[in-house]
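Novice: Just so it is clear, I am handing over coords_7.cif, which has mmCIF, C-alpha atoms.
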data_model
loop_
_atom_site.label_atom_id
_atom_site.label_comp_id
_atom_site.auth_asym_id
_atom_site.auth_seq_id
_atom_site.Cartn_x
_atom_site.Cartn_y
_atom_site.Cartn_z
CA MET T 1 14.06 -19.26 21.26
CA THR T 2 11.81 -21.36 23.37
CA PRO T 3 9.57 -24.17 22.16
CA ASP T 4 6.55 -22.01 23.10
CA HIS T 5 7.59 -19.26 20.72
CA PRO T 6 8.67 -20.53 17.30
CA PRO T 7 10.82 -18.15 15.28
CA ALA T 8 8.88 -15.57 13.30
CA ARG T 9 8.65 -16.39 9.63
CA ARG T 10 10.36 -13.88 7.49
CA ILE T 11 8.54 -12.73 4.37
CA PRO T 12 10.70 -13.57 1.37
CA ASN T 13 12.18 -10.54 -0.37
CA PHE T 14 10.55 -11.36 -3.70
CA ARG T 15 7.07 -11.19 -2.10
CA ARG T 16 7.80 -7.85 -0.46
CA PHE T 17 9.24 -6.65 -3.78
CA ASP T 18 6.00 -7.41 -5.65
CA CYS T 19 3.80 -5.96 -2.92
CA ARG T 20 5.73 -2.69 -2.73
CA ARG T 21 5.78 -2.37 -6.48
CA GLU T 22 1.99 -2.75 -6.61
CA GLN T 23 1.60 -0.17 -3.82
CA MET T 24 3.72 2.29 -5.80
CA ILE T 25 1.67 1.76 -8.97
CA ASP T 26 -1.59 2.24 -7.04
CA ALA T 27 -0.24 5.38 -5.35
CA ALA T 28 0.96 6.73 -8.70
CA LEU T 29 -2.53 6.34 -10.16
CA GLN T 30 -3.92 8.58 -7.45
CA VAL T 31 -1.11 11.15 -7.72
CA PHE T 32 -1.28 11.34 -11.53
CA PHE T 33 -5.07 11.61 -11.44
CA ASP T 34 -5.08 14.32 -8.76
CA LYS T 35 -2.19 16.44 -10.04
CA GLY T 36 -1.72 15.62 -13.71
CA TYR T 37 1.54 14.38 -15.19
CA ASP T 38 3.51 17.63 -15.08
CA ARG T 39 2.70 18.48 -11.45
CA ALA T 40 2.98 14.90 -10.14
CA ARG T 41 6.27 14.24 -8.38
CA ILE T 42 8.04 10.97 -7.62
CA GLU T 43 8.26 12.18 -4.01
CA ASP T 44 4.45 12.38 -3.82
CA VAL T 45 4.12 8.81 -5.09
CA ALA T 46 6.75 7.58 -2.63
CA LYS T 47 5.08 9.31 0.31
CA LEU T 48 1.64 7.93 -0.56
CA ALA T 49 3.07 4.42 -1.04
CA GLY T 50 5.05 4.60 2.22
CA VAL T 51 8.44 4.14 0.57
CA GLY T 52 11.40 6.34 -0.25
CA LYS T 53 11.89 8.17 -3.54
CA SER T 54 14.87 5.94 -4.28
CA ALA T 55 12.63 2.84 -4.07
CA VAL T 56 10.29 4.26 -6.70
CA LEU T 57 13.22 5.14 -8.96
CA TYR T 58 14.76 1.70 -8.41
CA HIS T 59 11.59 -0.04 -9.58
CA PHE T 60 10.60 2.29 -12.42
CA ARG T 61 13.67 4.45 -13.31
CA THR T 62 11.60 7.40 -14.60
CA LYS T 63 8.24 9.06 -14.07
CA LEU T 64 7.25 8.12 -17.61
CA ALA T 65 8.04 4.44 -16.99
CA LEU T 66 5.94 4.59 -13.82
CA LEU T 67 3.08 6.08 -15.84
CA ALA T 68 3.35 3.25 -18.37
CA HIS T 69 2.97 0.70 -15.55
CA VAL T 70 -0.04 2.59 -14.14
CA VAL T 71 -1.76 2.56 -17.52
CA ALA T 72 -0.96 -1.11 -18.12
CA LYS T 73 -2.28 -2.18 -14.71
CA HIS T 74 -5.34 0.03 -14.41
CA CYS T 75 -6.62 0.51 -17.99
CA LEU T 76 -9.15 -2.23 -17.25
CA PRO T 77 -9.66 -4.62 -14.30
CA ALA T 78 -7.62 -7.83 -14.36
CA GLN T 79 -10.83 -9.85 -14.65
CA PRO T 80 -13.77 -8.79 -16.83
CA MET T 81 -16.78 -7.28 -15.11
CA GLY T 82 -20.10 -8.80 -16.04
CA ALA T 83 -20.97 -11.31 -18.70
CA GLY T 84 -22.46 -11.27 -22.16
CA PRO T 85 -21.27 -9.96 -25.51
CA ALA T 86 -17.70 -8.65 -25.63
CA GLU T 87 -18.77 -5.02 -26.10
CA GLN T 88 -20.95 -5.09 -22.97
CA VAL T 89 -18.24 -6.71 -20.87
CA ILE T 90 -15.65 -4.18 -22.03
CA GLU T 91 -18.03 -1.28 -21.46
CA ALA T 92 -18.90 -2.48 -17.95
CA SER T 93 -15.21 -2.92 -17.19
CA LEU T 94 -14.40 0.60 -18.40
CA ALA T 95 -16.76 1.85 -15.68
CA ASP T 96 -14.43 0.43 -12.99
CA PRO T 97 -13.25 3.42 -10.86
CA ALA T 98 -9.53 2.86 -11.56
CA ALA T 99 -10.17 2.32 -15.28
CA THR T 100 -12.25 5.51 -15.39
CA LYS T 101 -9.43 7.46 -13.72
CA VAL T 102 -6.92 6.17 -16.26
CA LEU T 103 -9.20 6.95 -19.20
CA ARG T 104 -9.84 10.49 -17.96
CA PHE T 105 -6.15 11.01 -17.30
CA VAL T 106 -5.18 9.76 -20.77
CA MET T 107 -7.78 11.94 -22.48
CA THR T 108 -6.54 15.00 -20.63
CA GLU T 109 -2.80 14.42 -20.88
CA GLN T 110 -2.38 12.98 -24.38
CA ARG T 111 -2.00 16.48 -25.85
CA ARG T 112 1.15 16.95 -23.78
CA LEU T 113 2.28 13.32 -24.07
CA PRO T 114 1.42 12.23 -27.62
CA SER T 115 2.56 8.63 -27.09
CA LEU T 116 0.17 8.21 -24.13
CA GLY T 117 -2.85 7.49 -26.34
CA ARG T 118 -1.03 4.71 -28.18
CA LEU T 119 0.29 3.30 -24.89
CA TYR T 120 -3.27 3.24 -23.52
CA VAL T 121 -4.75 1.52 -26.57
CA VAL T 122 -2.02 -1.14 -26.59
CA ALA T 123 -2.50 -1.80 -22.85
CA LEU T 124 -6.27 -1.96 -23.31
CA MET T 125 -6.03 -4.41 -26.20
CA ARG T 126 -3.62 -6.64 -24.26
CA ARG T 127 -5.94 -6.69 -21.27
CA VAL T 128 -8.99 -7.53 -23.38
CA ALA T 129 -7.01 -10.23 -25.22
CA SER T 130 -6.16 -11.82 -21.87
CA TRP T 131 -9.86 -12.06 -20.95
CA GLN T 132 -11.44 -13.86 -23.87
CA ASN T 133 -10.57 -15.87 -26.91
CA PHE T 134 -11.61 -13.76 -29.86
CA GLU T 135 -11.84 -15.34 -33.30
CA SER T 136 -9.54 -12.66 -34.67
CA LEU T 137 -7.76 -9.45 -33.90
CA GLU T 138 -10.43 -7.65 -35.90
CA ALA T 139 -13.19 -9.07 -33.63
CA MET T 140 -11.32 -7.80 -30.58
CA ARG T 141 -10.81 -4.36 -32.14
CA SER T 142 -14.48 -4.22 -33.04
CA GLY T 143 -15.53 -5.10 -29.49
CA VAL T 144 -13.30 -2.41 -28.02
CA GLY T 145 -14.45 0.12 -30.63
CA HIS T 146 -18.13 -0.48 -29.98
CA ALA T 147 -17.64 -0.28 -26.22
CA PHE T 148 -15.74 3.00 -26.54
CA GLY T 149 -18.39 4.41 -28.87
CA ARG T 150 -21.19 3.70 -26.41
CA MET T 151 -19.17 5.00 -23.50
CA ALA T 152 -18.24 8.19 -25.38
CA SER T 153 -21.91 8.79 -26.22
CA ARG T 154 -22.86 8.34 -22.59
CA VAL T 155 -20.06 10.66 -21.43
CA LEU T 156 -21.13 13.37 -23.89
CA LEU T 157 -24.76 13.12 -22.81
CA GLU T 158 -24.37 12.49 -19.08
CA GLY T 159 -20.80 13.43 -18.20
CA TYR T 160 -18.14 11.16 -16.72
CA PRO T 161 -19.23 8.81 -13.97
CA ALA T 162 -18.16 10.00 -10.53
CA VAL T 163 -14.82 8.61 -9.41
CA GLU T 164 -14.19 7.75 -5.77
CA GLY T 165 -12.06 10.34 -3.99
CA GLU T 166 -12.67 12.97 -6.64
CA SER T 167 -13.15 16.52 -5.53
CA HIS T 168 -15.61 18.61 -7.50
CA GLY T 169 -13.59 21.79 -7.14
CA GLY T 170 -11.73 21.83 -10.45
CA ASN T 171 -9.67 18.69 -10.72
CA ALA T 172 -6.47 18.85 -12.73
CA VAL T 173 -7.66 15.92 -14.79
#
Go through the file and emit its structure as structure tokens.
Specialist:
Amino acid sequence: MTPDHPPARRIPNFRRFDCRREQMIDAALQVFFDKGYDRARIEDVAKLAGVGKSAVLYHFRTKLALLAHVVAKHCLPAQPMGAGPAEQVIEASLADPAATKVLRFVMTEQRRLPSLGRLYVVALMRRVASWQNFESLEAMRSGVGHAFGRMASRVLLEGYPAVEGESHGGNAV
């Protein structure tokens, strides 16, 4: 090593660990959305994330555990979108492309995976609780309920909002 060229700083393992884990969760969202739960393979997630299958299994152990992390991370954005009454903020946040993918996936797959609906609702309530201080659990439930009601009405009347990267040729989800 010369004084002109200081040694390259090595990225600590814990930072690479978190980054790779996030890449795998993001890749899994796309694979689950495109193929559905049954046809999605750990190998597909690994390839899209640029890691080996063993890395995905090391971090998540099973495909179902990976799905739980996808739902928890992408049910709603980490920060609320918009401002105003809780119902409007939640409704605007549900329109986030990743949140829309998760919602559509859950609605399609919950028949085959009965616990998926409960997992989604719990993740959604935790995310909303992290955003704002509600007076009570009932106020939070009410805000989520109203937002879902308006979104469901809009979906029935207008269809789902387009999701980036979605093909219109008969998606699995």
Novice: Calculated over only C-alpha atoms, which of the candidates T:Val122, T:Lys63, T:Asp26, T:Ser136 has the smallest distance to Glu43 of chain T?
Specialist: T:Lys63
Novice: For Ser115 of chain T, which residue out of T:Leu64, T:Leu57, T:Ala95, T:Leu29 is the nearest one, using only C-alpha atoms?
Specialist: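 Of all the options, T:Leu64 lies closest to Ser115 of chain T.
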Novice: Using only C-alpha atoms, find the one residue out of T:Leu156, T:Ala86, T:Leu113, T:Met107 that sits nearest to Trp131 of chain T.
Specialist: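 Result for the nearest residue to Trp131 of chain T: T:Ala86.
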Novice: May I ask which of the residues T:Arg141, T:Arg21, T:Arg39, T:Lys101 is the closest one to Val71 of chain T, counting all atoms listed in the file?
Specialist: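 Checking each of T:Arg141, T:Arg21, T:Arg39, T:Lys101 against Val71 of chain T, counting all atoms listed in the file, the winner is T:Lys101.
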Novice: Find the residues near Leu116 of chain T: any atom within 12 Å, counting only C-alpha atoms, skip ones fewer than 2 places away on the same chain, and give them as a PyMOL selection string.
Specialist: chain T and resi 37+64-65+67-72+75+102-114+118-123
Novice: Please report the interatomic distance between atom CA of Pro77 of chain T and atom CA of His59 of chain T in Å with one decimal.
Specialist: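 Value for the atom CA of Pro77 of chain T-atom CA of His59 of chain T distance: 22.2 Å.
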Novice: Between T:Ala98, T:Ala92, T:Ala129, T:Leu124, which residue has the minimum interatomic distance to Met151 of chain T, considering all atoms listed in the file?
Specialist: T:Ala92
Novice: For Met140 of chain T, list every protein, DNA or RNA residue within 12 Å, evaluated using all atoms listed in the file, and leave out those in the same chain fewer than 6 positions away; present the list as an NGL selection string.
Specialist: :T and (85-87 or 89-90 or 124-134 or 146-147)
Novice: Of the residues T:Ala83, T:Met24, T:Ala152, T:Leu157, which is the one nearest to Phe60 of chain T, using all atoms listed in the file?
Specialist: T:Met24
Novice: Go ahead and compute the interatomic distance for atom CA of Ile25 of chain T and atom CA of Met81 of chain T, in Å to one decimal.
Specialist: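 Straight-line distance from atom CA of Ile25 of chain T to atom CA of Met81 of chain T works out to 21.4 Å.
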Novice: Would you work out the distance separating atom CA of Lys73 of chain T from atom CA of Leu137 of chain T, expressed in Å to one decimal?
Specialist: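 Atom CA of Lys73 of chain T sits 21.2 Å away from atom CA of Leu137 of chain T.
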